[in-house]
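Structure data follow from upload_33.cif (mmCIF, C-alpha atoms and all ligand atoms):
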```cif
data_query
loop_
_atom_site.label_atom_id
_atom_site.label_comp_id
_atom_site.auth_asym_id
_atom_site.auth_seq_id
_atom_site.Cartn_x
_atom_site.Cartn_y
_atom_site.Cartn_z
CA MET A 1 0.00 0.00 0.00
CA VAL A 2 1.23 3.49 -0.89
CA ASN A 3 0.96 6.03 1.94
CA ARG A 4 -0.04 9.50 0.77
CA VAL A 5 1.75 12.29 2.65
CA LEU A 6 0.33 15.73 2.01
CA ILE A 7 2.43 18.72 3.08
CA LEU A 8 0.67 22.09 3.27
CA GLY A 9 3.06 25.01 2.75
CA ASP A 10 6.04 25.47 0.45
CA GLY A 11 8.26 27.60 2.69
CA ASP A 12 11.21 26.50 4.83
CA ALA A 13 9.33 23.93 6.91
CA GLY A 14 7.33 22.36 4.05
CA THR A 15 10.34 22.12 1.72
CA ILE A 16 12.79 20.75 4.31
CA MET A 17 10.14 18.29 5.50
CA ALA A 18 9.41 17.00 1.98
CA ASN A 19 13.08 16.64 1.06
CA LYS A 20 14.03 14.90 4.32
CA LEU A 21 11.10 12.50 4.01
CA ARG A 22 11.99 11.72 0.40
CA PHE A 23 15.53 10.82 1.47
CA ASN A 24 14.18 8.54 4.18
CA THR A 25 11.45 6.72 2.27
CA ASN A 26 11.04 4.60 -0.84
CA ILE A 27 9.09 6.24 -3.65
CA LYS A 28 7.06 3.02 -4.03
CA ASP A 29 5.89 3.12 -0.39
CA VAL A 30 5.37 6.83 0.23
CA GLU A 31 3.92 9.42 -2.13
CA ILE A 32 4.79 13.00 -1.16
CA THR A 33 2.83 16.03 -2.34
CA VAL A 34 3.58 19.62 -1.39
CA VAL A 35 0.96 22.36 -1.88
CA GLY A 36 1.78 26.03 -1.60
CA LYS A 37 1.18 29.37 -3.21
CA SER A 38 4.74 30.69 -3.54
CA LYS A 39 6.56 31.10 -6.83
CA THR A 40 9.88 31.87 -5.18
CA HIS A 41 11.61 30.90 -1.94
CA TYR A 42 13.17 33.85 -0.13
CA PHE A 43 15.85 33.26 2.53
CA LYS A 44 14.37 35.56 5.19
CA PRO A 45 17.42 35.91 7.50
CA ASP A 46 19.09 37.89 4.68
CA GLY A 47 16.56 40.71 5.23
CA ILE A 48 18.71 42.01 8.06
CA HIS A 49 21.73 42.32 5.75
CA ILE A 50 19.77 43.46 2.69
CA ALA A 51 18.59 46.54 4.59
CA PHE A 52 22.28 47.56 4.85
CA LYS A 53 23.15 46.30 1.35
CA MET A 54 25.59 43.83 2.89
CA VAL A 55 24.35 41.06 0.55
CA ASP A 56 23.01 41.03 -2.99
CA TYR A 57 19.28 40.33 -2.59
CA LYS A 58 19.14 38.39 -5.87
CA LYS A 59 21.16 35.63 -4.20
CA SER A 60 18.54 35.32 -1.45
CA VAL A 61 15.79 34.08 -3.76
CA LYS A 62 15.37 30.78 -5.65
CA PRO A 63 12.44 29.28 -7.59
CA THR A 64 10.26 27.26 -5.17
CA ASP A 65 9.97 24.12 -7.31
CA PHE A 66 13.73 24.06 -7.95
CA LEU A 67 14.33 23.36 -4.24
CA LEU A 68 12.13 20.24 -4.10
CA ASN A 69 14.06 17.06 -4.74
CA TYR A 70 13.23 14.39 -7.31
CA GLY A 71 10.17 12.26 -6.48
CA ILE A 72 8.07 14.98 -4.82
CA ASN A 73 4.82 16.22 -6.39
CA TYR A 74 4.31 19.96 -6.23
CA ILE A 75 0.98 21.75 -6.62
CA ASN A 76 1.14 25.52 -6.82
CA GLY A 77 -2.18 26.77 -5.45
CA GLU A 78 -4.08 28.13 -2.49
CA ILE A 79 -5.41 25.87 0.27
CA THR A 80 -8.92 26.95 1.29
CA LYS A 81 -9.97 24.42 3.94
CA ILE A 82 -8.56 21.49 5.89
CA TYR A 83 -10.89 18.66 6.98
CA VAL A 84 -8.92 16.59 9.50
CA GLU A 85 -11.91 14.40 10.38
CA ASP A 86 -12.44 13.33 6.76
CA LYS A 87 -8.76 13.42 5.76
CA PHE A 88 -8.87 15.83 2.86
CA VAL A 89 -8.02 19.38 1.91
CA THR A 90 -9.67 21.72 -0.59
CA LEU A 91 -7.91 24.12 -2.93
CA LYS A 92 -9.12 27.38 -4.46
CA SER A 93 -8.90 25.72 -7.88
CA GLY A 94 -11.75 23.42 -6.79
CA LYS A 95 -9.48 20.39 -6.42
CA ASN A 96 -9.75 18.10 -3.35
CA LEU A 97 -6.67 16.30 -2.02
CA ALA A 98 -7.02 13.19 0.18
CA TYR A 99 -4.20 12.04 2.44
CA ASP A 100 -3.07 9.39 4.90
CA TYR A 101 -0.62 11.73 6.67
CA LEU A 102 -1.05 15.50 6.82
CA ILE A 103 1.79 17.87 7.67
CA ILE A 104 0.77 21.48 8.16
CA ALA A 105 3.62 23.92 7.44
CA THR A 106 1.76 27.07 6.48
CA GLY A 107 3.88 29.45 8.59
CA ASP A 108 2.39 32.77 9.64
CA ARG A 109 1.50 36.19 8.24
CA PHE A 110 1.80 39.89 9.02
CA VAL A 111 -1.22 41.72 10.39
CA PRO A 112 -0.14 45.41 10.34
CA GLU A 113 -3.85 46.34 10.33
CA ASP A 114 -3.90 45.37 14.03
CA ILE A 115 -2.02 48.61 14.78
CA PRO A 116 -3.74 51.88 13.83
CA GLY A 117 -1.32 54.08 11.91
CA TYR A 118 1.17 51.31 11.03
CA ASP A 119 0.61 51.08 7.28
CA GLY A 120 2.68 53.49 5.25
CA GLU A 121 4.53 54.80 8.33
CA ALA A 122 6.55 52.01 9.95
CA LYS A 123 9.44 50.30 8.15
CA HIS A 124 10.70 46.77 8.68
CA PHE A 125 13.03 44.09 7.35
CA HIS A 126 10.88 40.95 7.67
CA ASP A 127 10.29 40.47 3.93
CA LEU A 128 12.29 41.30 0.83
CA GLN A 129 10.21 44.24 -0.35
CA HIS A 130 10.32 45.97 3.03
CA ALA A 131 14.04 45.25 3.52
CA LEU A 132 14.79 46.93 0.18
CA GLU A 133 12.59 49.92 1.08
CA LEU A 134 14.27 50.21 4.45
CA HIS A 135 17.65 50.33 2.72
CA GLU A 136 16.50 53.39 0.73
CA GLU A 137 15.24 54.98 3.95
CA LEU A 138 18.53 54.39 5.77
CA LYS A 139 20.55 55.74 2.84
CA SER A 140 18.84 59.12 3.14
CA PHE A 141 18.88 59.20 6.98
CA LYS A 142 20.90 62.16 8.26
CA GLY A 143 20.51 61.70 12.01
CA GLY A 144 17.67 61.97 14.53
CA LYS A 145 15.74 59.59 16.72
CA ILE A 146 15.18 56.00 15.61
CA VAL A 147 12.70 53.78 17.43
CA ILE A 148 13.16 50.10 16.67
CA GLY A 149 11.60 46.87 17.93
CA GLN A 150 8.66 44.53 17.58
CA SER A 151 5.06 45.42 18.11
CA SER A 152 3.91 42.28 19.90
CA ILE A 153 4.64 38.64 20.65
CA PRO A 154 5.04 36.23 18.90
CA ILE A 155 7.03 37.16 15.80
CA MET A 156 9.09 35.11 13.41
CA CYS A 157 12.75 34.89 14.50
CA PRO A 158 12.47 36.50 17.95
CA PRO A 159 16.14 37.66 18.03
CA SER A 160 15.87 39.55 14.71
CA PRO A 161 14.98 42.97 16.23
CA TYR A 162 18.04 43.07 18.52
CA GLU A 163 20.24 41.70 15.71
CA PHE A 164 19.07 44.49 13.44
CA THR A 165 19.60 47.09 16.18
CA PHE A 166 23.25 46.07 16.64
CA LEU A 167 23.94 46.18 12.91
CA LEU A 168 22.19 49.54 12.69
CA GLU A 169 24.43 50.92 15.42
CA GLU A 170 27.50 49.80 13.44
CA TYR A 171 26.04 51.25 10.25
CA LEU A 172 25.43 54.64 11.87
CA ASN A 173 28.98 54.60 13.22
CA SER A 174 30.40 53.82 9.78
CA ARG A 175 28.49 56.76 8.30
CA GLY A 176 29.55 59.15 11.06
CA LEU A 177 25.93 59.49 12.24
CA LYS A 178 26.11 57.80 15.63
CA ASP A 179 26.64 61.08 17.52
CA LYS A 180 23.70 62.65 15.71
CA THR A 181 21.34 59.74 16.42
CA GLU A 182 19.41 58.42 19.41
CA LEU A 183 18.62 54.70 19.19
CA HIS A 184 15.58 53.54 21.18
CA TYR A 185 14.82 49.82 21.45
CA ILE A 186 11.30 48.76 22.45
CA TYR A 187 10.28 45.29 23.63
CA PRO A 188 6.91 43.90 24.85
CA LEU A 189 8.25 42.01 27.90
CA ASN A 190 10.06 43.15 31.06
CA ASN A 191 13.52 42.57 29.54
CA VAL A 192 14.98 43.04 26.05
CA PHE A 193 14.35 39.42 25.00
CA SER A 194 12.17 36.52 26.09
CA ILE A 195 14.92 34.15 27.31
CA PRO A 196 16.35 35.63 30.55
CA ASN A 197 19.94 34.49 30.10
CA VAL A 198 20.14 35.84 26.53
CA ALA A 199 18.23 38.99 27.50
CA ASP A 200 20.82 39.86 30.16
CA TYR A 201 23.66 39.43 27.69
CA VAL A 202 21.95 41.48 24.98
CA SER A 203 20.93 44.15 27.48
CA LYS A 204 24.55 44.56 28.58
CA ILE A 205 25.71 45.10 25.00
CA MET A 206 22.92 47.64 24.47
CA ASP A 207 24.08 49.59 27.53
CA GLU A 208 27.68 49.55 26.30
CA ARG A 209 26.59 50.95 22.94
CA GLY A 210 24.28 53.63 24.30
CA ILE A 211 21.06 52.05 23.03
CA ILE A 212 18.11 53.28 25.11
CA LYS A 213 15.78 50.48 26.21
CA HIS A 214 12.02 50.61 26.75
CA THR A 215 10.65 47.34 28.09
CA PHE A 216 6.99 46.43 28.68
CA PHE A 217 6.23 48.34 25.49
CA ASN A 218 3.35 46.63 23.67
CA VAL A 219 2.46 48.83 20.73
CA ASP A 220 -1.04 50.22 20.83
CA SER A 221 -1.01 52.77 18.01
CA ILE A 222 1.11 55.01 15.83
CA ASP A 223 0.40 58.68 15.19
CA PRO A 224 2.11 59.41 11.84
CA LYS A 225 1.21 63.11 11.91
CA ASN A 226 3.00 63.77 15.19
CA LYS A 227 5.55 60.97 14.66
CA LYS A 228 4.66 59.32 17.94
CA ILE A 229 4.31 55.69 18.98
CA GLN A 230 2.14 54.75 21.96
CA SER A 231 2.18 51.59 24.06
CA ILE A 232 -0.75 49.78 25.67
CA GLU A 233 1.07 50.43 28.96
CA GLY A 234 0.68 54.19 28.38
CA GLU A 235 4.21 55.24 27.28
CA ASN A 236 4.72 57.59 24.28
CA ILE A 237 7.90 57.95 22.26
CA ASN A 238 8.53 60.41 19.44
CA TYR A 239 10.61 59.29 16.48
CA ASP A 240 12.07 60.48 13.21
CA LEU A 241 12.34 56.93 11.83
CA LEU A 242 10.25 54.01 13.05
CA ILE A 243 11.49 50.46 12.36
CA LEU A 244 8.87 48.12 13.73
CA VAL A 245 8.29 44.42 13.04
CA PRO A 246 4.53 44.15 12.44
CA PRO A 247 2.27 41.88 14.51
CA HIS A 248 2.07 38.29 13.27
CA ARG A 249 -0.69 35.68 13.26
CA GLY A 250 -1.06 32.19 11.85
CA GLN A 251 -2.73 31.75 8.47
CA LYS A 252 -6.42 32.48 7.98
CA VAL A 253 -7.02 29.01 6.49
CA ILE A 254 -6.06 27.53 9.86
CA THR A 255 -8.64 29.59 11.74
CA ASP A 256 -11.25 29.05 8.99
CA SER A 257 -10.73 25.28 9.29
CA GLY A 258 -11.32 25.38 13.05
CA LEU A 259 -7.76 24.25 13.85
CA ALA A 260 -6.91 27.36 15.88
CA ASP A 261 -8.47 30.44 17.42
CA GLU A 262 -8.08 33.96 15.99
CA SER A 263 -4.32 33.84 16.68
CA GLY A 264 -4.08 31.28 13.85
CA TYR A 265 -1.37 29.26 15.65
CA ILE A 266 -2.04 25.55 16.10
CA ASP A 267 -1.83 23.90 19.49
CA VAL A 268 0.45 20.86 19.10
CA ASP A 269 1.86 18.18 21.33
CA ARG A 270 5.33 19.64 21.82
CA TYR A 271 7.09 16.25 21.75
CA LYS A 272 5.14 14.50 18.98
CA LEU A 273 4.10 17.58 16.98
CA THR A 274 0.64 16.05 16.57
CA TYR A 275 -2.60 18.01 16.46
CA LYS A 276 -5.05 16.94 19.19
CA ASP A 277 -5.65 13.16 19.11
CA TYR A 278 -4.91 12.82 15.41
CA ASP A 279 -1.80 10.67 15.09
CA ASN A 280 -1.70 11.32 11.32
CA VAL A 281 -1.83 15.15 11.53
CA PHE A 282 1.37 17.03 12.34
CA VAL A 283 2.37 20.68 12.44
CA VAL A 284 5.89 22.00 11.82
CA GLY A 285 7.58 25.40 11.53
CA ASP A 286 6.05 28.76 12.39
CA ALA A 287 2.47 27.44 12.17
CA THR A 288 2.69 25.92 15.68
CA ASN A 289 2.05 27.78 18.90
CA LEU A 290 5.24 26.45 20.49
CA PRO A 291 6.93 29.26 22.42
CA ILE A 292 10.23 30.78 21.18
CA SER A 293 10.16 28.43 18.22
CA LYS A 294 9.65 30.52 15.14
CA ALA A 295 12.90 29.80 13.31
CA GLY A 296 13.97 27.94 10.19
CA ALA A 297 16.32 25.95 12.44
CA THR A 298 13.32 24.71 14.42
CA ALA A 299 11.66 23.55 11.21
CA HIS A 300 14.88 21.70 10.39
CA PHE A 301 15.07 19.81 13.70
CA GLU A 302 11.34 19.08 13.64
CA SER A 303 11.63 17.66 10.13
CA VAL A 304 14.46 15.35 11.14
CA TYR A 305 12.24 13.86 13.88
CA LEU A 306 9.11 13.65 11.73
CA ALA A 307 10.79 12.21 8.63
CA ASN A 308 12.28 9.44 10.78
CA ARG A 309 8.94 8.80 12.44
CA ILE A 310 6.89 8.59 9.22
CA ALA A 311 9.59 6.50 7.53
CA SER A 312 9.49 4.02 10.42
CA GLU A 313 5.73 3.86 10.63
CA THR A 314 5.21 3.40 6.90
CA SER A 315 7.72 0.57 6.82
CA GLY A 316 5.98 -1.19 9.72
CA ASN A 317 8.53 -0.33 12.42
CA LEU A 318 7.95 1.19 15.82
CA TYR A 319 9.30 4.70 16.42
CA ASP A 320 9.41 5.82 20.01
CA GLU A 321 11.60 8.93 19.82
CA VAL A 322 10.31 12.45 20.31
CA TYR A 323 11.21 15.97 19.23
CA ASP A 324 13.21 17.36 22.15
CA GLY A 325 12.73 21.03 21.33
CA SER A 326 16.14 21.47 19.66
CA ILE A 327 16.80 24.89 18.17
CA ALA A 328 20.10 26.37 17.00
CA CYS A 329 20.36 29.96 15.97
CA THR A 330 23.23 32.32 15.22
CA THR A 331 22.47 36.00 15.73
CA ALA A 332 24.68 38.96 14.85
CA THR A 333 25.80 41.34 17.57
CA GLY A 334 27.68 43.63 15.20
CA TYR A 335 29.42 43.76 11.81
CA GLU A 336 31.83 40.96 12.66
CA ARG A 337 30.46 39.43 15.85
CA ALA A 338 27.67 36.95 16.57
CA ILE A 339 26.40 34.56 19.23
CA THR A 340 25.15 31.04 18.61
CA LEU A 341 22.28 29.85 20.77
CA TYR A 342 21.58 26.15 21.02
CA PHE A 343 18.85 24.83 23.27
CA THR A 344 16.22 22.17 23.88
CA TYR A 345 13.08 22.04 26.05
CA ASN A 346 15.22 20.94 28.98
CA LYS A 347 18.40 22.86 28.33
CA PRO A 348 18.20 26.67 28.14
CA PRO A 349 20.66 28.48 25.85
CA ARG A 350 23.80 30.02 27.25
CA ALA A 351 24.88 33.38 25.93
CA ASN A 352 28.40 33.95 27.29
CA PHE A 353 30.36 35.43 24.43
CA ASP A 354 30.11 36.65 20.87
CA SER A 355 32.78 35.86 18.28
CA LYS A 356 34.00 36.39 14.75
CA MET A 357 33.71 32.67 14.08
CA ASP A 358 30.00 32.75 14.92
CA TYR A 359 29.59 35.67 12.56
CA PHE A 360 31.24 33.64 9.83
CA LEU A 361 28.56 30.97 10.39
CA LYS A 362 25.86 33.60 10.01
CA TRP A 363 27.47 34.99 6.91
CA GLN A 364 27.54 31.58 5.23
CA SER A 365 23.97 30.76 6.08
CA ALA A 366 22.24 31.54 2.74
CA ASP A 367 24.69 29.36 0.79
CA THR A 368 24.46 26.56 3.34
CA PHE A 369 20.68 26.89 3.42
CA PHE A 370 20.08 26.66 -0.33
CA SER A 371 22.76 24.09 -1.09
CA SER A 372 22.12 21.66 1.74
CA MET A 373 19.75 22.51 4.59
CA VAL A 374 16.57 23.21 2.62
CA ARG A 375 17.34 20.22 0.41
CA GLY A 376 17.25 17.93 3.42
CA ILE A 377 20.95 17.05 3.20
CA ALA A 378 22.28 18.66 6.38
C1 LIG A 401 14.53 38.92 9.40
C2 LIG A 401 14.46 37.46 9.72
C3 LIG A 401 15.58 36.81 10.18
C4 LIG A 401 15.54 35.46 10.48
N1 LIG A 401 16.68 34.84 10.92
C5 LIG A 401 16.64 33.51 11.21
C6 LIG A 401 17.83 32.84 11.62
O1 LIG A 401 18.90 33.42 11.74
N2 LIG A 401 17.73 31.50 11.89
C7 LIG A 401 16.56 30.82 11.76
O2 LIG A 401 16.54 29.62 12.02
N3 LIG A 401 15.42 31.44 11.37
C8 LIG A 401 15.43 32.76 11.08
N4 LIG A 401 14.29 33.39 10.67
C9 LIG A 401 13.00 32.69 10.74
C10 LIG A 401 12.72 31.78 9.57
O3 LIG A 401 12.94 32.42 8.34
C11 LIG A 401 11.26 31.32 9.66
O4 LIG A 401 11.04 30.80 10.96
C12 LIG A 401 10.94 30.27 8.64
O5 LIG A 401 11.07 30.81 7.35
C13 LIG A 401 9.52 29.72 8.82
O6 LIG A 401 9.29 28.72 7.88
P1 LIG A 401 7.82 28.15 7.65
O7 LIG A 401 7.94 27.19 6.53
O8 LIG A 401 7.24 27.69 8.92
O9 LIG A 401 6.96 29.39 7.18
P2 LIG A 401 7.07 30.14 5.77
O10 LIG A 401 8.48 30.13 5.28
O11 LIG A 401 6.38 31.43 5.95
O12 LIG A 401 6.26 29.21 4.78
C14 LIG A 401 4.88 29.05 4.81
C15 LIG A 401 4.43 28.75 3.39
O13 LIG A 401 3.05 28.38 3.40
C16 LIG A 401 2.43 28.94 2.29
N5 LIG A 401 1.01 29.11 2.60
C17 LIG A 401 0.48 29.69 3.70
N6 LIG A 401 -0.87 29.68 3.63
C18 LIG A 401 -1.19 29.08 2.47
C19 LIG A 401 -2.42 28.78 1.81
N7 LIG A 401 -3.60 29.08 2.34
N8 LIG A 401 -2.36 28.15 0.61
C20 LIG A 401 -1.17 27.83 0.05
N9 LIG A 401 0.02 28.08 0.61
C21 LIG A 401 0.01 28.72 1.80
C22 LIG A 401 3.13 30.28 2.08
O14 LIG A 401 3.02 30.67 0.73
C23 LIG A 401 4.56 29.95 2.48
O15 LIG A 401 5.36 29.61 1.38
C24 LIG A 401 14.31 34.74 10.31
C25 LIG A 401 13.17 35.39 9.83
C26 LIG A 401 13.24 36.75 9.53
C27 LIG A 401 12.01 37.44 9.00
#
```
Encoded form using structure tokens:
Amino acid sequence: MVNRVLILGDGDAGTIMANKLRFNTNIKDVEITVVGKSKTHYFKPDGIHIAFKMVDYKKSVKPTDFLLNYGINYINGEITKIYVEDKFVTLKSGKNLAYDYLIIATGDRFVPEDIPGYDGEAKHFHDLQHALELHEELKSFKGGKIVIGQSSIPIMCPPSPYEFTFLLEEYLNSRGLKDKTELHYIYPLNNVFSIPNVADYVSKIMDERGIIKHTFFNVDSIDPKNKKIQSIEGENINYDLLILVPPHRGQKVITDSGLADESGYIDVDRYKLTYKDYDNVFVVGDATNLPISKAGATAHFESVYLANRIASETSGNLYDEVYDGSIACTTATGYERAITLYFTYNKPPRANFDSKMDYFLKWQSADTFFSSMVRGIA
């Protein structure tokens, strides 16, 4: 019997998952189909560097279907509803797709409309278009007050706002603008990051570099006319340039299918990655509601676990391992410095030092990603 594995989403998680599973299973036993609406695959971590023109953005994009290995079916289209009870999915084209195993990897989306005044005023670096626009903005910046941060929790790649802030500080220095600029960092929690140990380390570097911190700052609204940002907690800050990662939510199709509330993030078993009691429905990548997990590296570790599990099950073997919450992430602390965080559910990360070697890892990541990681090799 051929087992039909249907993967929803053609981003990092869906592509890595499909490629890893293809490596682990025989084409005669397991049929793999990926559905997604992308034409191109953008390596999102490059957004931080693209905003400073440190990398050529054309190298950060590849055709989506080119990254799927031989023996994987790809359907380019929009998923409109998921019926887990009846084991099928509908597409906008009118097509229905039945499955034996379902893997949901639909990621999340921006919801700038949640913040009055955001659209057209705030800049960010979380997609290619906005990273390129931000570069133009920074090029013409002559000094003033920059407010930078994230509007709410969760967002994709939680360290990205502090990474960007450190590179921005270097950039302003290199252009002789540091003395003419005030850098204000805002964060929704009571420290500058959600993991205490990392937050303390990052906070110390911010103090050393004169970055002014505002914690417990959950963005309520933006007043573009008076160039003012207001928090739910009642604090106001004026700015000349506002760099703000927009609020995120899971995909609408997830809420519409009754798999999640308005947040759009799916509640999963954190060890098995299963949805409710369905042992044939899994969720990987940013689509889950797992805390501090929204990283391509998470999708990678989750896919390793799940590919092994499905390969074992479909070949009649028992698989009793679990996903242990592994995440590895290298984040820049300056032009030539970075820290690498590695952690699991039981082992918190340790942020003791940044180094040039770690930065080298970061620098290589697009090449490594496209040539091996996304292809399921690493
Ligand atoms: C600035 C920045 C820096 C980052 N740095 C790092 C880093 O250093 N390390 C790291 O590990 N991670 C990093 N990340 C995070 C990482 O890029 C994401 O966590 C990862 O891309 C999420 O992958 P995903 O597949 O879950 O979601 P996505 O890549 O968003 O993929 C979801 C896919 O589903 C498709 N889809 C959704 N809904 C539908 C539908 N209804 N019908 C059809 N298709 C649909 C979408 O088209 C999309 O292709 C960074 C992210 C940003 C923005």
For this session: Tell me, as a PyMOL selection string, which residues lie within 6 Å of range 77-87 of chain A, counting only C-alpha atoms; anything in the same chain fewer than 3 positions away does not count.
Result: chain A and resi 36-37+90-92+98-99+253+257
Exercise. Got a sec to check which residues lie within 6 Å of ligand LIG 401 (chain A), using only C-alpha atoms and all ligand atoms, and send them as a ChimeraX atom specification?
Worked result: /A:9-14,36-38,44-45,47-48,77-80,105-108,125-126,156-157,160,251,253,285-287,294-297,329-331
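CA of Trp363 in chain A is found 27.4 Å from CA of Ile212 in chain A.
For the pair CA of Arg109 in chain A and CA of Pro246 in chain A, the interatomic distance is 9.5 Å.
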Exercise. What's the 9 Å shell around Asp65 in chain A, counting all atoms listed in the file, without same-chain residues fewer than 4 positions away, as a PyMOL selection string?
Worked result: chain A and resi 10+39-41+69+74+76
Seminar exercise, completed: Shortest contact to Gly120 in chain A, candidates A:Lys213, A:Arg249, A:Lys180, A:Lys225, atoms counted all atoms listed in the file, goes to A:Lys225
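Distance-wise, CA of Lys252 in chain A and CA of Tyr271 in chain A end up 25.2 Å apart.
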Problem set entry | Point (-1.5, 50.0, 9.6) neighbourhood (12 Å, all atoms listed in the file) written as a PyMOL selection string | chain A and resi 110-123+151+219-224+244-247
Problem set entry | Nearest candidate to Glu182 in chain A (options A:Leu6, A:Ile232, A:Ile148, A:Ala307; using all atoms listed in the file) | A:Ile148
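Each of A:Asp29, A:Glu170, A:Asp358, A:Asp240 was checked against Glu137 in chain A using all atoms listed in the file; the smallest atom-to-atom distance is that of A:Asp240.
Closest approach to Ile195 in chain A among A:Val2, A:Leu21, A:Ala351, A:Val281 is made by A:Ala351 (distances from all atoms listed in the file).
The residue that comes closest to Asp56 in chain A, out of A:Gly144, A:Val268, A:Ala366, A:Asn236 and on the basis of only C-alpha atoms, is A:Ala366.
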For this session: Find the spatial neighbours of range 186-188 of chain A, counting all atoms listed in the file, within a cut-off of 10 Å - ignore same-chain residues fewer than 5 positions away - and output them as a PyMOL selection string.
Result: chain A and resi 147-154+161-162+193-194+212-219+231-233+237+244
Taking C-alpha atoms for each residue, export the selection above as a short mmCIF file (atom, residue, chain, number, x, y, z; two decimals), keeping the file's coordinate frame.
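What landed in out31.cif:
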```cif
data_model
loop_
_atom_site.label_atom_id
_atom_site.label_comp_id
_atom_site.auth_asym_id
_atom_site.auth_seq_id
_atom_site.Cartn_x
_atom_site.Cartn_y
_atom_site.Cartn_z
CA VAL A 147 12.70 53.78 17.43
CA ILE A 148 13.16 50.10 16.67
CA GLY A 149 11.60 46.87 17.93
CA GLN A 150 8.66 44.53 17.58
CA SER A 151 5.06 45.42 18.11
CA SER A 152 3.91 42.28 19.90
CA ILE A 153 4.64 38.64 20.65
CA PRO A 154 5.04 36.23 18.90
CA PRO A 161 14.98 42.97 16.23
CA TYR A 162 18.04 43.07 18.52
CA PHE A 193 14.35 39.42 25.00
CA SER A 194 12.17 36.52 26.09
CA ILE A 212 18.11 53.28 25.11
CA LYS A 213 15.78 50.48 26.21
CA HIS A 214 12.02 50.61 26.75
CA THR A 215 10.65 47.34 28.09
CA PHE A 216 6.99 46.43 28.68
CA PHE A 217 6.23 48.34 25.49
CA ASN A 218 3.35 46.63 23.67
CA VAL A 219 2.46 48.83 20.73
CA SER A 231 2.18 51.59 24.06
CA ILE A 232 -0.75 49.78 25.67
CA GLU A 233 1.07 50.43 28.96
CA ILE A 237 7.90 57.95 22.26
CA LEU A 244 8.87 48.12 13.73
#
```
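With distances restricted to all atoms listed in the file, A:Ile243 is the closest residue to Tyr185 in chain A from A:Val284, A:Ile243, A:Val374, A:Leu134.
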Go ahead and find all residues with at least one atom no further than 12 Å from (-1.8, 12.7, 14.9) in the file's coordinates, using only C-alpha atoms; report them as an mmCIF file with C-alpha atoms, in the coordinates of the input.
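What ended up in out.cif:
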```cif
data_model
loop_
_atom_site.group_PDB
_atom_site.id
_atom_site.type_symbol
_atom_site.label_atom_id
_atom_site.label_comp_id
_atom_site.auth_asym_id
_atom_site.auth_seq_id
_atom_site.Cartn_x
_atom_site.Cartn_y
_atom_site.Cartn_z
ATOM 1 C CA VAL A 84 -8.920 16.590 9.500
ATOM 2 C CA GLU A 85 -11.910 14.400 10.380
ATOM 3 C CA LYS A 87 -8.760 13.420 5.760
ATOM 4 C CA ASP A 100 -3.070 9.390 4.900
ATOM 5 C CA TYR A 101 -0.620 11.730 6.670
ATOM 6 C CA LEU A 102 -1.050 15.500 6.820
ATOM 7 C CA ILE A 103 1.790 17.870 7.670
ATOM 8 C CA ILE A 104 0.770 21.480 8.160
ATOM 9 C CA VAL A 268 0.450 20.860 19.100
ATOM 10 C CA ASP A 269 1.860 18.180 21.330
ATOM 11 C CA TYR A 271 7.090 16.250 21.750
ATOM 12 C CA LYS A 272 5.140 14.500 18.980
ATOM 13 C CA LEU A 273 4.100 17.580 16.980
ATOM 14 C CA THR A 274 0.640 16.050 16.570
ATOM 15 C CA TYR A 275 -2.600 18.010 16.460
ATOM 16 C CA LYS A 276 -5.050 16.940 19.190
ATOM 17 C CA ASP A 277 -5.650 13.160 19.110
ATOM 18 C CA TYR A 278 -4.910 12.820 15.410
ATOM 19 C CA ASP A 279 -1.800 10.670 15.090
ATOM 20 C CA ASN A 280 -1.700 11.320 11.320
ATOM 21 C CA VAL A 281 -1.830 15.150 11.530
ATOM 22 C CA PHE A 282 1.370 17.030 12.340
ATOM 23 C CA VAL A 283 2.370 20.680 12.440
ATOM 24 C CA LEU A 306 9.110 13.650 11.730
ATOM 25 C CA ARG A 309 8.940 8.800 12.440
ATOM 26 C CA ILE A 310 6.890 8.590 9.220
#
```
Skipping near chain neighbours, those fewer than 6 positions away, what residues fall within 8 Å of Glu336 in chain A using only C-alpha atoms, listed as a PDB file with C-alpha atoms, in the frame of the given file?
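The new file selection39.pdb reads:
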```pdb
ATOM      1  CA  SER A 355      32.780  35.860  18.280  1.00  0.00           C
ATOM      2  CA  LYS A 356      34.000  36.390  14.750  1.00  0.00           C
ATOM      3  CA  TYR A 359      29.590  35.670  12.560  1.00  0.00           C
ATOM      4  CA  PHE A 360      31.240  33.640   9.830  1.00  0.00           C
TER       5      PHE A 360
END
```
Return as AutoDock Vina command-line options the box centre and box size in Å, one decimal, for an axis-aligned box around all listed atoms of range 310-322 of chain A padded by 4 Å per side.
```
--center_x 8.4 --center_y 5.6 --center_z 13.6 --size_x 14.4 --size_y 21.6 --size_z 21.5
```
